[in-house]
>>> print(open('start.pdb').read())   # PDB, C-alpha atoms
ATOM      1  CA  MET V   1       8.317  14.365  -2.300  1.00  0.00           C
ATOM      2  CA  SER V   2      10.574  13.278   0.530  1.00  0.00           C
ATOM      3  CA  GLY V   3      10.186  10.559   3.088  1.00  0.00           C
ATOM      4  CA  THR V   4       8.858   7.017   2.983  1.00  0.00           C
ATOM      5  CA  ALA V   5       5.714   5.502   4.344  1.00  0.00           C
ATOM      6  CA  SER V   6       6.701   4.184   7.733  1.00  0.00           C
ATOM      7  CA  PRO V   7       5.115   1.102   9.274  1.00  0.00           C
ATOM      8  CA  ALA V   8       4.196   2.657  12.601  1.00  0.00           C
ATOM      9  CA  GLY V   9       4.195   0.430  15.631  1.00  0.00           C
ATOM     10  CA  ALA V  10       6.394  -2.140  13.915  1.00  0.00           C
ATOM     11  CA  GLY V  11       9.675  -1.478  15.699  1.00  0.00           C
ATOM     12  CA  PRO V  12      11.364  -3.410  18.485  1.00  0.00           C
ATOM     13  CA  GLY V  13       9.132  -3.801  21.500  1.00  0.00           C
ATOM     14  CA  ALA V  14       5.942  -3.068  19.568  1.00  0.00           C
ATOM     15  CA  ASP V  15       2.973  -5.113  20.703  1.00  0.00           C
ATOM     16  CA  ARG V  16       2.659  -7.259  17.615  1.00  0.00           C
ATOM     17  CA  HIS V  17      -0.248  -9.316  18.910  1.00  0.00           C
ATOM     18  CA  GLU V  18      -2.612  -6.738  20.330  1.00  0.00           C
ATOM     19  CA  GLU V  19      -5.959  -8.045  21.449  1.00  0.00           C
ATOM     20  CA  ARG V  20      -8.935  -7.019  19.337  1.00  0.00           C
ATOM     21  CA  GLY V  21     -10.130  -4.447  21.844  1.00  0.00           C
ATOM     22  CA  GLU V  22      -6.762  -2.695  21.853  1.00  0.00           C
ATOM     23  CA  TRP V  23      -6.977  -1.491  18.265  1.00  0.00           C
ATOM     24  CA  GLY V  24      -8.971   1.554  19.267  1.00  0.00           C
ATOM     25  CA  PRO V  25     -11.211   3.419  16.828  1.00  0.00           C
ATOM     26  CA  LEU V  26     -10.905   2.916  13.082  1.00  0.00           C
ATOM     27  CA  HIS V  27     -11.989   5.613  10.641  1.00  0.00           C
ATOM     28  CA  TRP V  28     -12.739   5.262   6.961  1.00  0.00           C
ATOM     29  CA  ASP V  29     -13.869   7.027   3.830  1.00  0.00           C
ATOM     30  CA  THR V  30     -13.798   6.480   0.093  1.00  0.00           C
ATOM     31  CA  VAL V  31     -12.015   8.534  -2.535  1.00  0.00           C
ATOM     32  CA  ASN V  32     -12.301   8.610  -6.307  1.00  0.00           C
ATOM     33  CA  SER V  33      -9.088   7.990  -8.211  1.00  0.00           C
ATOM     34  CA  PRO V  34      -7.924   7.272 -11.774  1.00  0.00           C
ATOM     35  CA  ILE V  35      -8.063   3.545 -10.944  1.00  0.00           C
ATOM     36  CA  GLY V  36     -11.546   3.670  -9.446  1.00  0.00           C
ATOM     37  CA  ARG V  37     -12.993   4.213  -6.000  1.00  0.00           C
ATOM     38  CA  LEU V  38     -10.601   3.458  -3.152  1.00  0.00           C
ATOM     39  CA  LEU V  39     -11.515   2.649   0.440  1.00  0.00           C
ATOM     40  CA  LEU V  40      -9.171   4.091   3.072  1.00  0.00           C
ATOM     41  CA  VAL V  41      -9.166   2.915   6.686  1.00  0.00           C
ATOM     42  CA  VAL V  42      -6.904   4.481   9.312  1.00  0.00           C
ATOM     43  CA  SER V  43      -6.138   3.432  12.871  1.00  0.00           C
ATOM     44  CA  LYS V  44      -4.398   5.321  15.649  1.00  0.00           C
ATOM     45  CA  LEU V  45      -1.093   4.142  14.146  1.00  0.00           C
ATOM     46  CA  GLY V  46      -1.635   4.914  10.472  1.00  0.00           C
ATOM     47  CA  VAL V  47      -3.258   3.662   7.275  1.00  0.00           C
ATOM     48  CA  ALA V  48      -4.364   0.115   8.053  1.00  0.00           C
ATOM     49  CA  ARG V  49      -6.285  -0.811   4.903  1.00  0.00           C
ATOM     50  CA  ILE V  50      -6.790   0.346   1.347  1.00  0.00           C
ATOM     51  CA  GLY V  51      -9.546  -1.388  -0.556  1.00  0.00           C
ATOM     52  CA  LEU V  52      -9.327  -1.371  -4.349  1.00  0.00           C
ATOM     53  CA  ARG V  53     -12.264  -1.074  -6.752  1.00  0.00           C
ATOM     54  CA  THR V  54     -12.450  -4.864  -7.028  1.00  0.00           C
ATOM     55  CA  GLU V  55     -13.288  -5.173  -3.314  1.00  0.00           C
ATOM     56  CA  ASP V  56     -16.688  -4.724  -1.725  1.00  0.00           C
ATOM     57  CA  VAL V  57     -16.597  -1.848   0.756  1.00  0.00           C
ATOM     58  CA  ASP V  58     -19.144  -3.334   3.152  1.00  0.00           C
ATOM     59  CA  ALA V  59     -17.378  -6.707   3.138  1.00  0.00           C
ATOM     60  CA  VAL V  60     -14.003  -5.114   3.919  1.00  0.00           C
ATOM     61  CA  LEU V  61     -15.436  -2.987   6.724  1.00  0.00           C
ATOM     62  CA  GLY V  62     -17.275  -5.965   8.173  1.00  0.00           C
ATOM     63  CA  SER V  63     -14.136  -8.082   8.106  1.00  0.00           C
ATOM     64  CA  LEU V  64     -12.186  -5.317   9.850  1.00  0.00           C
ATOM     65  CA  ALA V  65     -14.826  -5.043  12.568  1.00  0.00           C
ATOM     66  CA  THR V  66     -14.575  -8.784  13.187  1.00  0.00           C
ATOM     67  CA  THR V  67     -10.774  -8.868  13.110  1.00  0.00           C
ATOM     68  CA  THR V  68     -10.096  -5.813  15.248  1.00  0.00           C
ATOM     69  CA  GLY V  69     -13.192  -5.664  17.431  1.00  0.00           C
ATOM     70  CA  SER V  70     -13.695  -2.042  16.364  1.00  0.00           C
ATOM     71  CA  ALA V  71     -16.428  -1.116  13.878  1.00  0.00           C
ATOM     72  CA  PRO V  72     -14.957   1.496  11.499  1.00  0.00           C
ATOM     73  CA  ILE V  73     -16.508   4.963  11.686  1.00  0.00           C
ATOM     74  CA  ARG V  74     -16.829   7.081   8.555  1.00  0.00           C
ATOM     75  CA  SER V  75     -14.782  10.297   8.816  1.00  0.00           C
ATOM     76  CA  ALA V  76     -13.399  12.199   5.836  1.00  0.00           C
ATOM     77  CA  SER V  77     -11.245  14.384   8.082  1.00  0.00           C
ATOM     78  CA  ARG V  78      -9.469  11.425   9.735  1.00  0.00           C
ATOM     79  CA  VAL V  79      -8.345  10.015   6.384  1.00  0.00           C
ATOM     80  CA  GLY V  80      -7.698  13.418   4.807  1.00  0.00           C
ATOM     81  CA  GLU V  81      -3.904  13.292   4.951  1.00  0.00           C
ATOM     82  CA  ALA V  82      -3.781   9.936   3.189  1.00  0.00           C
ATOM     83  CA  VAL V  83      -6.298  11.120   0.599  1.00  0.00           C
ATOM     84  CA  ASP V  84      -4.214  14.220  -0.153  1.00  0.00           C
ATOM     85  CA  GLU V  85      -1.037  12.167  -0.584  1.00  0.00           C
ATOM     86  CA  LEU V  86      -2.775   9.676  -2.879  1.00  0.00           C
ATOM     87  CA  HIS V  87      -4.054  12.538  -5.059  1.00  0.00           C
ATOM     88  CA  GLU V  88      -0.494  13.897  -5.257  1.00  0.00           C
ATOM     89  CA  TYR V  89       0.792  10.446  -6.191  1.00  0.00           C
ATOM     90  CA  PHE V  90      -1.726  10.054  -9.004  1.00  0.00           C
ATOM     91  CA  ASP V  91      -0.901  13.573 -10.237  1.00  0.00           C
ATOM     92  CA  GLY V  92       2.786  12.659 -10.425  1.00  0.00           C
ATOM     93  CA  ALA V  93       3.693  15.155  -7.691  1.00  0.00           C
ATOM     94  CA  ARG V  94       4.627  12.557  -5.044  1.00  0.00           C
ATOM     95  CA  GLU V  95       7.044   9.650  -5.316  1.00  0.00           C
ATOM     96  CA  THR V  96       7.014   8.521  -1.680  1.00  0.00           C
ATOM     97  CA  PHE V  97       4.397   8.660   1.042  1.00  0.00           C
ATOM     98  CA  ASP V  98       4.819  10.348   4.401  1.00  0.00           C
ATOM     99  CA  VAL V  99       1.709   8.950   6.073  1.00  0.00           C
ATOM    100  CA  PRO V 100       2.502   6.092   8.473  1.00  0.00           C
ATOM    101  CA  VAL V 101       1.115   2.651   7.782  1.00  0.00           C
ATOM    102  CA  ASP V 102      -0.246   0.168  10.291  1.00  0.00           C
ATOM    103  CA  LEU V 103       0.539  -3.398   9.199  1.00  0.00           C
ATOM    104  CA  ARG V 104      -0.958  -5.246  12.155  1.00  0.00           C
ATOM    105  CA  LEU V 105      -3.411  -7.011   9.848  1.00  0.00           C
ATOM    106  CA  SER V 106      -0.441  -8.947   8.452  1.00  0.00           C
ATOM    107  CA  THR V 107       1.375 -11.874  10.017  1.00  0.00           C
ATOM    108  CA  PRO V 108       4.886 -11.043  11.281  1.00  0.00           C
ATOM    109  CA  PHE V 109       6.487 -12.651   8.184  1.00  0.00           C
ATOM    110  CA  ARG V 110       4.203 -10.855   5.748  1.00  0.00           C
ATOM    111  CA  GLU V 111       4.755  -7.590   7.564  1.00  0.00           C
ATOM    112  CA  ARG V 112       8.523  -8.017   7.218  1.00  0.00           C
ATOM    113  CA  VAL V 113       8.122  -8.559   3.475  1.00  0.00           C
ATOM    114  CA  GLN V 114       5.735  -5.623   3.130  1.00  0.00           C
ATOM    115  CA  ARG V 115       8.177  -3.414   5.017  1.00  0.00           C
ATOM    116  CA  ALA V 116      10.859  -4.442   2.497  1.00  0.00           C
ATOM    117  CA  MET V 117       8.547  -3.365  -0.347  1.00  0.00           C
ATOM    118  CA  LEU V 118       8.821   0.200   0.937  1.00  0.00           C
ATOM    119  CA  ARG V 119      12.474   0.144  -0.159  1.00  0.00           C
ATOM    120  CA  ILE V 120      11.614  -0.493  -3.811  1.00  0.00           C
ATOM    121  CA  GLY V 121      12.043   2.921  -5.381  1.00  0.00           C
ATOM    122  CA  TYR V 122       9.446   4.829  -7.356  1.00  0.00           C
ATOM    123  CA  GLY V 123       9.409   3.659 -10.963  1.00  0.00           C
ATOM    124  CA  ARG V 124      11.585   0.647 -10.097  1.00  0.00           C
ATOM    125  CA  THR V 125      10.651  -3.007  -9.845  1.00  0.00           C
ATOM    126  CA  SER V 126      11.808  -6.102  -8.008  1.00  0.00           C
ATOM    127  CA  THR V 127      11.276  -9.812  -8.510  1.00  0.00           C
ATOM    128  CA  TYR V 128       9.709 -11.982  -5.844  1.00  0.00           C
ATOM    129  CA  GLY V 129      13.062 -13.673  -5.285  1.00  0.00           C
ATOM    130  CA  ARG V 130      14.906 -10.400  -4.860  1.00  0.00           C
ATOM    131  CA  LEU V 131      12.232  -9.147  -2.481  1.00  0.00           C
ATOM    132  CA  ALA V 132      12.679 -12.327  -0.444  1.00  0.00           C
ATOM    133  CA  ARG V 133      16.371 -11.529  -0.069  1.00  0.00           C
ATOM    134  CA  MET V 134      15.585  -7.915   0.832  1.00  0.00           C
ATOM    135  CA  ALA V 135      13.293  -9.189   3.592  1.00  0.00           C
ATOM    136  CA  GLY V 136      15.904 -11.624   4.885  1.00  0.00           C
ATOM    137  CA  ALA V 137      13.733 -14.601   3.947  1.00  0.00           C
ATOM    138  CA  PRO V 138      15.341 -18.026   3.403  1.00  0.00           C
ATOM    139  CA  PRO V 139      16.108 -19.322  -0.121  1.00  0.00           C
ATOM    140  CA  GLY V 140      13.050 -20.674  -1.870  1.00  0.00           C
ATOM    141  CA  ALA V 141      10.679 -18.310  -0.098  1.00  0.00           C
ATOM    142  CA  ALA V 142       9.474 -16.625  -3.284  1.00  0.00           C
ATOM    143  CA  ARG V 143       6.050 -18.298  -3.033  1.00  0.00           C
ATOM    144  CA  ALA V 144       5.592 -17.107   0.542  1.00  0.00           C
ATOM    145  CA  VAL V 145       6.684 -13.640  -0.561  1.00  0.00           C
ATOM    146  CA  GLY V 146       4.008 -13.788  -3.262  1.00  0.00           C
ATOM    147  CA  GLY V 147       1.489 -14.429  -0.501  1.00  0.00           C
ATOM    148  CA  ALA V 148       2.724 -11.351   1.343  1.00  0.00           C
ATOM    149  CA  CYS V 149       2.147  -9.334  -1.835  1.00  0.00           C
ATOM    150  CA  SER V 150      -1.345 -10.683  -2.462  1.00  0.00           C
ATOM    151  CA  HIS V 151      -2.334 -10.090   1.181  1.00  0.00           C
ATOM    152  CA  ASN V 152      -0.834  -6.601   1.384  1.00  0.00           C
ATOM    153  CA  PRO V 153      -3.449  -4.593   3.322  1.00  0.00           C
ATOM    154  CA  VAL V 154      -2.195  -1.195   2.103  1.00  0.00           C
ATOM    155  CA  PRO V 155      -1.632  -1.433  -1.668  1.00  0.00           C
ATOM    156  CA  ILE V 156      -0.233   1.576  -3.557  1.00  0.00           C
ATOM    157  CA  ILE V 157       1.295   3.109  -0.411  1.00  0.00           C
ATOM    158  CA  VAL V 158       3.052  -0.204   0.262  1.00  0.00           C
ATOM    159  CA  PRO V 159       3.980  -0.770  -3.385  1.00  0.00           C
ATOM    160  CA  CYS V 160       3.353  -4.454  -4.084  1.00  0.00           C
ATOM    161  CA  HIS V 161       2.622  -3.411  -7.687  1.00  0.00           C
ATOM    162  CA  ARG V 162       6.384  -3.008  -8.142  1.00  0.00           C
ATOM    163  CA  VAL V 163       7.020  -6.734  -7.584  1.00  0.00           C
ATOM    164  CA  LEU V 164       7.098  -8.782 -10.796  1.00  0.00           C
ATOM    165  CA  PRO V 165       7.635 -12.444 -11.713  1.00  0.00           C
ATOM    166  CA  LEU V 166      11.122 -13.396 -12.841  1.00  0.00           C
ATOM    167  CA  GLY V 167       9.822 -14.994 -16.023  1.00  0.00           C
ATOM    168  CA  GLY V 168       8.093 -11.865 -17.340  1.00  0.00           C
ATOM    169  CA  GLY V 169       4.619 -10.394 -17.233  1.00  0.00           C
ATOM    170  CA  VAL V 170       3.145  -8.510 -14.302  1.00  0.00           C
ATOM    171  CA  GLY V 171       1.828 -11.419 -12.256  1.00  0.00           C
ATOM    172  CA  ASN V 172      -1.204 -11.300  -9.995  1.00  0.00           C
ATOM    173  CA  TYR V 173      -2.649  -8.183  -8.388  1.00  0.00           C
ATOM    174  CA  ARG V 174      -5.728  -7.718  -6.210  1.00  0.00           C
ATOM    175  CA  GLY V 175      -6.977  -4.961  -8.483  1.00  0.00           C
ATOM    176  CA  GLY V 176      -6.273  -6.963 -11.636  1.00  0.00           C
ATOM    177  CA  ALA V 177      -3.334  -7.076 -14.049  1.00  0.00           C
ATOM    178  CA  GLU V 178      -4.489  -3.984 -15.935  1.00  0.00           C
ATOM    179  CA  MET V 179      -4.453  -1.885 -12.772  1.00  0.00           C
ATOM    180  CA  LYS V 180      -0.942  -3.092 -11.976  1.00  0.00           C
ATOM    181  CA  ARG V 181       0.243  -2.171 -15.473  1.00  0.00           C
ATOM    182  CA  TRP V 182      -1.395   1.257 -15.123  1.00  0.00           C
ATOM    183  CA  LEU V 183       0.395   2.005 -11.842  1.00  0.00           C
ATOM    184  CA  LEU V 184       3.754   0.938 -13.272  1.00  0.00           C
ATOM    185  CA  ALA V 185       3.205   3.051 -16.390  1.00  0.00           C
ATOM    186  CA  LEU V 186       2.215   6.060 -14.269  1.00  0.00           C
ATOM    187  CA  GLU V 187       5.478   5.883 -12.326  1.00  0.00           C
ATOM    188  CA  ARG V 188       7.632   5.320 -15.403  1.00  0.00           C
ATOM    189  CA  ARG V 189       6.013   8.246 -17.187  1.00  0.00           C
ATOM    190  CA  HIS V 190       6.507  10.719 -14.367  1.00  0.00           C
ATOM    191  CA  LEU V 191      10.011   9.436 -13.656  1.00  0.00           C
ATOM    192  CA  ASP V 192      10.924  10.050 -17.315  1.00  0.00           C
ATOM    193  CA  GLU V 193       9.414  13.543 -17.189  1.00  0.00           C
ATOM    194  CA  SER V 194      11.349  14.334 -14.027  1.00  0.00           C
ATOM    195  CA  ALA V 195      14.601  13.123 -15.598  1.00  0.00           C
ATOM    196  CA  ARG V 196      14.095  15.356 -18.628  1.00  0.00           C
ATOM    197  CA  GLY V 197      13.688  18.399 -16.413  1.00  0.00           C
ATOM    198  CA  PRO V 198      11.720  21.565 -17.181  1.00  0.00           C
ATOM    199  CA  VAL V 199      11.483  23.026 -20.668  1.00  0.00           C
ATOM    200  CA  LEU V 200      12.774  26.614 -20.596  1.00  0.00           C
ATOM    201  CA  GLY V 201      11.300  29.201 -22.906  1.00  0.00           C
ATOM    202  CA  GLY V 202      13.403  31.643 -24.877  1.00  0.00           C
TER     203      GLY V 202
END
>>> encode(input="start.pdb", output="structure tokens")
Amino acid sequence: MSGTASPAGAGPGADRHEERGEWGPLHWDTVNSPIGRLLLVVSKLGVARIGLRTEDVDAVLGSLATTTGSAPIRSASRVGEAVDELHEYFDGARETFDVPVDLRLSTPFRERVQRAMLRIGYGRTSTYGRLARMAGAPPGAARAVGGACSHNPVPIIVPCHRVLPLGGGVGNYRGGAEMKRWLLALERRHLDESARGPVLGG
């Protein structure tokens, strides 16, 4: 349960504006989960897209082919590591992800905000304003930060579900408010169980 999902290729000197043909092959598969079927797409750098049950698989794959110039190829083995870690997360056995993420589908500003989301701890939450400060965004950037959350290409692994409005409620989520509440409840439940520790028999 150690490590954090790292935005591969996002460091100094990374080619942030690669031409479409430079993406290389994309691989995808779907996986069943407690929140419905998920679409996983991986590039040579890491997990580039997770589609939630509210998104049409063919539409997402078609959009990726247009954006990157590389038609995704179905391959269960290529997405296997991410699938395993997601299963562990849903089982409460994983609090952070070790698979790298590829955030090149985001603009540089949105990527910076999404990278900051990775610092919001398991079972914890942040407001949009606080996330703006974490990302080094200027005052009053909460709306733009909300856009970075709603356009997060790798939900769950990049935990935009942990970002909440200051005034209460759960706010918007691509998978719907109920899914966001479910993910938050999952993390709170397992965090509470971990804090209590094991029950020892006599």
>>> closest_residue(input="start.pdb", among="V:Asp98, V:Asp29, V:Asp91, V:Glu193", to="Arg78 of chain V", atoms="all atoms listed in the file")
V:Asp29
>>> residues_around(input="start.pdb", residues="Gly140 of chain V", least_positions_apart="4", cutoff="12 Å", atoms="all atoms listed in the file", output="ChimeraX atom specification")
/V:128-133,136,144-146
>>> residues_around(input="start.pdb", residues="Leu52 of chain V", least_positions_apart="3", cutoff="7 Å", atoms="all atoms listed in the file", output="number ranges by chain")
V: 37-39, 55, 175
>>> closest_residue(input="start.pdb", among="V:Ile35, V:Leu40, V:Val158, V:Leu26", to="Thr68 of chain V", atoms="only C-alpha atoms")
V:Leu26
>>> closest_residue(input="start.pdb", among="V:Gly24, V:Gly62, V:Pro159, V:Gly80", to="Gly121 of chain V", atoms="all atoms listed in the file")
V:Pro159
>>> atom_distance(input="start.pdb", atom1="atom CA of Ala93 of chain V", atom2="atom CA of Asp192 of chain V")
13.1 Å
>>> build_atoms(input="start.pdb", residues="segment 87-100 of chain V", atoms="N, CA and C atoms", output="mmCIF file, in the frame of the given file")
data_model
loop_
_atom_site.group_PDB
_atom_site.id
_atom_site.type_symbol
_atom_site.label_atom_id
_atom_site.label_comp_id
_atom_site.auth_asym_id
_atom_site.auth_seq_id
_atom_site.Cartn_x
_atom_site.Cartn_y
_atom_site.Cartn_z
ATOM 1 N N HIS V 87 -3.790 11.644 -3.929
ATOM 2 C CA HIS V 87 -4.054 12.538 -5.059
ATOM 3 C C HIS V 87 -2.728 13.048 -5.647
ATOM 4 N N GLU V 88 -1.799 13.419 -4.785
ATOM 5 C CA GLU V 88 -0.494 13.897 -5.257
ATOM 6 C C GLU V 88 0.251 12.801 -6.002
ATOM 7 N N TYR V 89 0.146 11.585 -5.514
ATOM 8 C CA TYR V 89 0.792 10.446 -6.191
ATOM 9 C C TYR V 89 0.210 10.266 -7.589
ATOM 10 N N PHE V 90 -1.107 10.258 -7.704
ATOM 11 C CA PHE V 90 -1.726 10.054 -9.004
ATOM 12 C C PHE V 90 -1.457 11.218 -9.950
ATOM 13 N N ASP V 91 -1.233 12.405 -9.408
ATOM 14 C CA ASP V 91 -0.901 13.573 -10.237
ATOM 15 C C ASP V 91 0.572 13.607 -10.637
ATOM 16 N N GLY V 92 1.361 12.675 -10.118
ATOM 17 C CA GLY V 92 2.786 12.659 -10.425
ATOM 18 C C GLY V 92 3.597 13.615 -9.589
ATOM 19 N N ALA V 93 3.004 14.177 -8.539
ATOM 20 C CA ALA V 93 3.693 15.155 -7.691
ATOM 21 C C ALA V 93 4.291 14.518 -6.440
ATOM 22 N N ARG V 94 4.098 13.237 -6.243
ATOM 23 C CA ARG V 94 4.627 12.557 -5.044
ATOM 24 C C ARG V 94 5.173 11.195 -5.436
ATOM 25 N N GLU V 95 6.411 10.940 -5.040
ATOM 26 C CA GLU V 95 7.044 9.650 -5.316
ATOM 27 C C GLU V 95 7.062 8.743 -4.095
ATOM 28 N N THR V 96 7.043 9.306 -2.909
ATOM 29 C CA THR V 96 7.014 8.521 -1.680
ATOM 30 C C THR V 96 5.932 9.087 -0.767
ATOM 31 N N PHE V 97 5.465 8.253 0.129
ATOM 32 C CA PHE V 97 4.397 8.660 1.042
ATOM 33 C C PHE V 97 4.961 8.950 2.422
ATOM 34 N N ASP V 98 4.404 9.977 3.051
ATOM 35 C CA ASP V 98 4.819 10.348 4.401
ATOM 36 C C ASP V 98 3.869 9.816 5.473
ATOM 37 N N VAL V 99 2.653 9.463 5.080
ATOM 38 C CA VAL V 99 1.709 8.950 6.073
ATOM 39 C C VAL V 99 2.221 7.618 6.616
ATOM 40 N N PRO V 100 2.095 7.386 7.919
ATOM 41 C CA PRO V 100 2.502 6.092 8.473
ATOM 42 C C PRO V 100 1.514 5.002 8.074
#
